[in-house]
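Have a look at model16.cif; it's mmCIF, C-alpha atoms:
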```cif
data_model
loop_
_atom_site.label_atom_id
_atom_site.label_comp_id
_atom_site.auth_asym_id
_atom_site.auth_seq_id
_atom_site.Cartn_x
_atom_site.Cartn_y
_atom_site.Cartn_z
CA MET Q 1 0.00 0.00 0.00
CA SER Q 2 1.38 3.40 -0.97
CA GLU Q 3 2.09 6.05 1.61
CA GLN Q 4 -0.57 8.38 0.16
CA ARG Q 5 -3.20 5.67 0.20
CA GLN Q 6 -2.32 4.83 3.79
CA LYS Q 7 -2.55 8.50 4.75
CA ILE Q 8 -6.01 8.84 3.20
CA LEU Q 9 -7.27 5.74 4.96
CA SER Q 10 -5.85 6.81 8.30
CA MET Q 11 -7.54 10.20 7.93
CA LEU Q 12 -10.79 8.43 7.18
CA THR Q 13 -10.52 6.25 10.28
CA GLU Q 14 -9.67 9.31 12.37
CA GLY Q 15 -12.78 11.01 11.03
CA LYS Q 16 -10.85 13.91 9.51
CA ILE Q 17 -12.40 13.31 6.12
CA THR Q 18 -15.70 11.85 5.04
CA ILE Q 19 -16.15 8.63 3.06
CA GLU Q 20 -16.96 10.67 -0.07
CA GLU Q 21 -13.79 12.73 0.27
CA ALA Q 22 -11.71 9.62 0.84
CA ASP Q 23 -13.32 8.01 -2.19
CA LYS Q 24 -12.50 11.03 -4.35
CA LEU Q 25 -8.89 11.04 -3.21
CA LEU Q 26 -8.49 7.30 -3.75
CA GLU Q 27 -10.08 7.64 -7.17
CA ALA Q 28 -7.62 10.40 -8.03
CA LEU Q 29 -4.75 8.17 -6.97
CA LYS Q 30 -6.14 5.30 -8.99
CA ASN Q 31 -6.44 7.41 -12.12
CA GLY Q 32 -2.76 8.10 -12.10
CA ALA Q 33 -3.00 11.53 -10.59
CA GLN Q 34 -0.70 10.61 -7.74
CA GLN Q 35 1.48 13.62 -8.32
CA SER Q 36 -1.36 16.10 -7.95
CA VAL Q 37 -2.67 14.43 -4.83
CA GLY Q 38 0.32 15.31 -2.74
CA ALA Q 39 0.45 15.70 0.97
CA GLY Q 40 -0.65 19.32 0.64
CA GLU Q 41 -3.89 18.41 -1.04
CA VAL Q 42 -4.62 15.64 1.44
CA GLN Q 43 -4.08 18.11 4.24
CA SER Q 44 -6.37 20.66 2.61
CA VAL Q 45 -9.23 18.14 2.57
CA ALA Q 46 -8.61 17.39 6.24
CA ARG Q 47 -8.51 21.08 6.98
CA GLY Q 48 -11.81 21.47 5.14
CA ALA Q 49 -13.39 19.00 7.52
CA SER Q 50 -12.17 20.98 10.50
CA LYS Q 51 -13.06 24.36 9.00
CA MET Q 52 -16.64 24.22 10.21
CA LYS Q 53 -17.69 27.59 11.47
CA PHE Q 54 -21.32 27.33 12.49
CA LEU Q 55 -23.69 24.93 14.16
CA ARG Q 56 -27.01 25.18 12.35
CA VAL Q 57 -30.34 24.18 13.82
CA VAL Q 58 -33.22 24.37 11.36
CA VAL Q 59 -36.77 23.50 12.33
CA ASP Q 60 -39.39 23.55 9.61
CA SER Q 61 -42.90 22.84 10.79
CA VAL Q 62 -45.94 22.23 8.63
CA LYS Q 63 -47.97 24.55 10.86
CA GLY Q 64 -45.66 27.39 9.89
CA ASP Q 65 -43.39 27.57 12.93
CA ASN Q 66 -39.86 27.91 11.66
CA VAL Q 67 -36.66 28.17 13.65
CA ASN Q 68 -33.33 28.96 12.08
CA ILE Q 69 -30.37 29.21 14.44
CA ARG Q 70 -26.75 29.70 13.47
CA VAL Q 71 -24.32 29.38 16.36
CA PRO Q 72 -20.63 30.09 15.78
CA VAL Q 73 -18.46 27.11 16.76
CA ALA Q 74 -16.25 29.57 18.64
CA ILE Q 75 -19.06 29.98 21.20
CA LEU Q 76 -19.11 26.24 21.81
CA ARG Q 77 -15.35 26.26 22.32
CA ALA Q 78 -15.51 29.20 24.70
CA GLY Q 79 -18.49 27.69 26.53
CA ILE Q 80 -16.64 24.43 27.11
CA LYS Q 81 -13.62 26.41 28.31
CA LEU Q 82 -15.85 28.26 30.75
CA SER Q 83 -17.33 25.04 32.05
CA SER Q 84 -13.80 23.68 32.56
CA LEU Q 85 -13.26 26.54 35.04
CA ILE Q 86 -15.96 25.24 37.35
CA PRO Q 87 -14.37 24.42 40.74
CA PRO Q 88 -13.57 20.70 41.26
CA GLN Q 89 -15.87 20.59 44.29
CA ALA Q 90 -18.79 21.43 42.03
CA TYR Q 91 -17.73 18.69 39.62
CA GLN Q 92 -17.75 16.13 42.40
CA LYS Q 93 -21.29 17.07 43.36
CA LEU Q 94 -22.36 17.06 39.73
CA ASN Q 95 -20.80 13.64 39.12
CA GLU Q 96 -22.48 12.26 42.24
CA LYS Q 97 -25.88 13.55 41.18
CA MET Q 98 -25.45 12.16 37.68
CA THR Q 99 -24.35 8.78 39.04
CA GLU Q 100 -27.48 8.79 41.22
CA LYS Q 101 -29.53 9.28 38.06
CA GLY Q 102 -27.75 6.39 36.38
CA VAL Q 103 -25.33 8.39 34.22
CA ASP Q 104 -21.87 7.23 35.18
CA VAL Q 105 -19.73 9.87 33.50
CA ASP Q 106 -16.79 11.82 34.89
CA ILE Q 107 -17.36 15.31 33.49
CA ASN Q 108 -13.97 16.47 34.69
CA GLN Q 109 -12.34 13.93 32.39
CA ILE Q 110 -14.45 14.97 29.42
CA LEU Q 111 -13.67 18.66 29.82
CA LYS Q 112 -9.93 18.22 30.21
CA SER Q 113 -8.19 20.69 27.92
CA GLY Q 114 -7.33 19.16 24.58
CA ASP Q 115 -10.04 16.55 24.77
CA PHE Q 116 -12.81 19.00 23.93
CA GLU Q 117 -10.91 20.23 20.87
CA GLU Q 118 -10.98 16.67 19.59
CA LEU Q 119 -14.65 16.46 20.53
CA ILE Q 120 -15.50 19.60 18.53
CA GLU Q 121 -13.37 18.44 15.58
CA SER Q 122 -15.19 15.13 15.49
CA MET Q 123 -18.55 16.90 15.54
CA GLY Q 124 -17.87 18.17 12.02
CA ASP Q 125 -19.55 15.11 10.57
CA LEU Q 126 -22.57 15.42 12.84
CA ASN Q 127 -25.74 15.55 10.81
CA VAL Q 128 -29.08 15.04 12.51
CA ASP Q 129 -32.08 14.90 10.23
CA VAL Q 130 -35.49 14.23 11.75
CA ASN Q 131 -38.65 13.98 9.69
CA SER Q 132 -41.88 13.49 11.57
CA LYS Q 133 -45.05 11.87 10.24
CA ASP Q 134 -46.75 15.27 10.28
CA GLY Q 135 -44.11 16.63 7.93
CA ASP Q 136 -42.15 18.58 10.53
CA LYS Q 137 -38.44 18.62 9.83
CA VAL Q 138 -35.53 19.19 12.19
CA LYS Q 139 -31.97 19.47 10.97
CA VAL Q 140 -28.83 19.89 13.06
CA PHE Q 141 -25.53 20.14 11.25
CA PHE Q 142 -22.23 21.96 11.04
CA GLU Q 143 -21.23 24.14 8.12
CA MET M 1 -10.52 38.42 18.35
CA MET M 2 -13.02 41.20 18.02
CA PRO M 3 -16.41 41.62 19.68
CA PRO M 4 -19.52 42.10 17.54
CA LEU M 5 -19.95 45.64 16.27
CA LEU M 6 -23.68 45.61 15.60
CA MET M 7 -26.72 43.78 16.89
CA GLU M 8 -29.89 43.56 14.88
CA LEU M 9 -33.17 43.04 16.66
CA LYS M 10 -36.28 42.49 14.60
CA PHE M 11 -39.79 41.73 15.81
CA VAL M 12 -42.98 41.33 13.83
CA THR M 13 -46.02 40.88 16.06
CA ASP M 14 -49.28 39.11 15.32
CA ARG M 15 -50.93 42.46 14.50
CA ASN M 16 -48.27 42.97 11.85
CA GLN M 17 -46.53 45.62 13.92
CA ARG M 18 -42.91 45.78 12.89
CA PHE M 19 -40.06 46.72 15.15
CA SER M 20 -36.53 46.69 13.86
CA MET M 21 -33.48 48.04 15.61
CA TRP M 22 -29.75 48.13 14.96
CA LEU M 23 -27.80 48.43 18.19
CA PRO M 24 -24.31 49.87 17.67
CA LEU M 25 -22.45 47.69 20.15
CA VAL M 26 -19.28 49.33 18.95
CA LEU M 27 -20.22 52.32 21.13
CA ILE M 28 -20.58 50.20 24.28
CA TRP M 29 -17.34 48.24 24.05
CA PRO M 30 -14.94 51.12 24.86
CA PHE M 31 -16.70 51.72 28.20
CA LEU M 32 -16.90 48.03 29.02
CA GLY M 33 -13.29 47.67 27.90
CA ILE M 34 -12.15 50.28 30.42
CA LEU M 35 -14.14 48.51 33.15
CA PHE M 36 -12.69 45.17 32.06
CA VAL M 37 -9.11 46.45 32.17
CA ALA M 38 -9.76 48.00 35.60
CA ILE M 39 -11.13 44.75 37.03
CA LEU M 40 -8.52 42.49 35.45
CA PRO M 41 -5.61 43.21 37.89
CA LEU M 42 -7.92 42.75 40.87
CA ALA M 43 -9.18 39.46 39.44
CA TYR M 44 -5.58 38.36 38.87
CA ILE M 45 -4.66 39.07 42.50
CA VAL M 46 -7.73 37.18 43.75
CA GLU M 47 -6.88 34.25 41.47
CA CYS M 48 -3.29 34.15 42.75
CA PHE M 49 -4.51 33.76 46.33
CA ALA M 50 -7.65 31.72 45.82
CA SER M 51 -6.83 29.46 42.86
CA SER M 52 -6.27 26.48 45.20
CA SER M 53 -9.92 26.69 46.25
CA GLY M 54 -11.04 26.59 42.61
CA ILE M 55 -12.04 30.26 42.39
CA ARG M 56 -10.52 31.65 39.19
CA PRO M 57 -12.00 35.07 38.40
CA PHE M 58 -9.15 36.10 36.08
CA SER M 59 -9.53 33.02 33.89
CA ILE M 60 -13.30 33.39 33.93
CA LEU M 61 -13.06 37.02 32.80
CA LEU M 62 -10.79 36.03 29.92
CA VAL M 63 -13.15 33.27 28.81
CA LEU M 64 -16.14 35.63 29.11
CA PHE M 65 -14.29 38.03 26.82
CA GLU M 66 -13.75 35.14 24.41
CA ILE M 67 -17.46 34.30 24.53
CA VAL M 68 -18.40 37.92 23.77
CA CYS M 69 -15.97 37.95 20.84
CA SER M 70 -17.33 34.70 19.49
CA LEU M 71 -20.87 36.10 19.39
CA ARG M 72 -20.13 37.50 15.93
CA GLY M 73 -22.20 35.61 13.43
CA LEU M 74 -24.78 34.36 15.93
CA ASP M 75 -28.12 34.42 14.17
CA ILE M 76 -31.40 33.39 15.79
CA GLU M 77 -34.58 33.55 13.77
CA VAL M 78 -37.95 32.27 14.96
CA GLN M 79 -41.09 32.48 12.84
CA SER M 80 -44.59 31.54 13.81
CA LYS M 81 -47.12 31.65 11.00
CA LYS M 82 -50.28 30.46 12.65
CA VAL M 83 -53.68 31.81 11.62
CA ASN M 84 -54.10 34.09 14.64
CA ASN M 85 -50.47 34.40 15.62
CA ASN M 86 -47.94 35.63 13.10
CA THR M 87 -44.81 36.42 15.05
CA ASN M 88 -41.28 36.79 13.81
CA VAL M 89 -38.21 37.35 15.95
CA LYS M 90 -34.69 37.80 14.68
CA ILE M 91 -31.49 38.46 16.60
CA LEU M 92 -28.24 38.85 14.70
CA PHE M 93 -24.75 39.81 15.83
CA ILE M 94 -22.45 41.29 13.21
#
```
Would you mind writing the file's structure down as structure tokens?
Amino acid sequence: MSEQRQKILSMLTEGKITIEEADKLLEALKNGAQQSVGAGEVQSVARGASKMKFLRVVVDSVKGDNVNIRVPVAILRAGIKLSSLIPPQAYQKLNEKMTEKGVDVDINQILKSGDFEELIESMGDLNVDVNSKDGDKVKVFFE
Amino acid sequence: MMPPLLMELKFVTDRNQRFSMWLPLVLIWPFLGILFVAILPLAYIVECFASSSGIRPFSILLVLFEIVCSLRGLDIEVQSKKVNNNTNVKILFI
């Protein structure tokens, strides 16, 4: 397996690129365009996946109620940073309460610096699409 | 990092009354900036002494500044088009 092919596949498994993007890159390699698909281009595709700027929430109801929200990803980052500044004592109480409710998650571990960057990066592929029987539509995605 | 310069508020009520306003946030930031800079050293001193107890006002102020800066581009639009209730609300930070 060539180095470029390996790089594309590893990016796919890491979630840096989508299946379609990986397919396009592999196709380009297959067609003898190895020289054009250099490391720079591979990186640009990966960068494209992490270049998401907004979280979009779109609700389209048959009754005419529409909601269109565009939240900058920077707010999510800053919000998570703010929550990481919560005193550890508060975390302990929060963890205890959540364990009582049956959610066994250590929030302190989740919000450790560095981890949330990875979390936000991986959310780039998040795409929630809900269609109800009534015709109401809810979409949550990053752009 | 730069805080939003303008805020657009738009309301359309069920009686088709329209209310639209552009708030020049750019005029508020200098005053808040002075206040922020004045509080910052105090917050730093408090953080130096009380960081072991988990109280970190300096870090919190910096993150709050980051949150305010990241408001640029936030766009919230809610429309209700019912027969007797036609309301539209829009909030946009530029």
Residues of chain Q at most 12 Å from chain M: nearest atom pair and distance in Å, only C-alpha atoms, as a Markdown table:
```
| residue | atom | partner | partner_atom | distance |
| --- | --- | --- | --- | --- |
| Q:Lys53 | CA | M:Gly73 | CA | 9.4 |
| Q:Phe54 | CA | M:Gly73 | CA | 8.4 |
| Q:Leu55 | CA | M:Leu74 | CA | 9.7 |
| Q:Arg56 | CA | M:Asp75 | CA | 9.5 |
| Q:Val57 | CA | M:Ile76 | CA | 9.5 |
| Q:Val58 | CA | M:Glu77 | CA | 9.6 |
| Q:Val59 | CA | M:Val78 | CA | 9.2 |
| Q:Asp60 | CA | M:Gln79 | CA | 9.6 |
| Q:Ser61 | CA | M:Ser80 | CA | 9.4 |
| Q:Val62 | CA | M:Lys81 | CA | 9.8 |
| Q:Lys63 | CA | M:Lys82 | CA | 6.6 |
| Q:Gly64 | CA | M:Lys81 | CA | 4.6 |
| Q:Asp65 | CA | M:Ser80 | CA | 4.2 |
| Q:Asn66 | CA | M:Gln79 | CA | 4.9 |
| Q:Val67 | CA | M:Val78 | CA | 4.5 |
| Q:Asn68 | CA | M:Glu77 | CA | 5.0 |
| Q:Ile69 | CA | M:Ile76 | CA | 4.5 |
| Q:Arg70 | CA | M:Asp75 | CA | 5.0 |
| Q:Val71 | CA | M:Leu74 | CA | 5.0 |
| Q:Pro72 | CA | M:Leu74 | CA | 6.0 |
| Q:Val73 | CA | M:Ser70 | CA | 8.1 |
| Q:Ala74 | CA | M:Ser70 | CA | 5.3 |
| Q:Ile75 | CA | M:Ser70 | CA | 5.3 |
| Q:Leu76 | CA | M:Ile67 | CA | 8.7 |
| Q:Arg77 | CA | M:Ile67 | CA | 8.6 |
| Q:Ala78 | CA | M:Ile67 | CA | 5.5 |
| Q:Gly79 | CA | M:Ile67 | CA | 7.0 |
| Q:Ile80 | CA | M:Val63 | CA | 9.7 |
| Q:Lys81 | CA | M:Val63 | CA | 6.9 |
| Q:Leu82 | CA | M:Val63 | CA | 6.0 |
| Q:Ser83 | CA | M:Ile60 | CA | 9.5 |
| Q:Ser84 | CA | M:Ile60 | CA | 9.8 |
| Q:Leu85 | CA | M:Ile60 | CA | 6.9 |
| Q:Ile86 | CA | M:Gly54 | CA | 7.3 |
| Q:Pro87 | CA | M:Gly54 | CA | 4.4 |
| Q:Pro88 | CA | M:Gly54 | CA | 6.6 |
| Q:Gln89 | CA | M:Gly54 | CA | 7.9 |
| Q:Ala90 | CA | M:Gly54 | CA | 9.3 |
| Q:Tyr91 | CA | M:Gly54 | CA | 10.8 |
```
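You will find CA of Ala22 in chain Q at 23.0 Å from CA of Asp129 in chain Q.
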Write out as a JSON list (two decimals) with C-alpha atoms, in the frame of the given file the residues lying within 8 Å of Trp22 in chain M, counting all atoms listed in the file and excluding same-chain residues fewer than 2 positions away.
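Dumped everything to result.json:
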```json
[["chain", "number", "residue", "atom", "x", "y", "z"],
["M", 6, "LEU", "CA", -23.68, 45.61, 15.60],
["M", 7, "MET", "CA", -26.72, 43.78, 16.89],
["M", 8, "GLU", "CA", -29.89, 43.56, 14.88],
["M", 9, "LEU", "CA", -33.17, 43.04, 16.66],
["M", 20, "SER", "CA", -36.53, 46.69, 13.86],
["M", 24, "PRO", "CA", -24.31, 49.87, 17.67]]
```
Handout entry: CA of Asn16 in chain M to CA of Asp136 in chain Q, straight-line distance in Å
Key = 25.2 Å
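Of the residues under consideration (M:Ile94, M:Phe58, M:Met2, M:Val12), M:Phe58 shows the shortest atom-to-atom contact distance to Leu40 in chain M when counting only C-alpha atoms.
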Practice task
Give me, please, the distance in Å between CA of Ser122 in chain Q and CA of Glu20 in chain Q, quoted to one decimal.
Solution key: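 The value is 16.3 Å.
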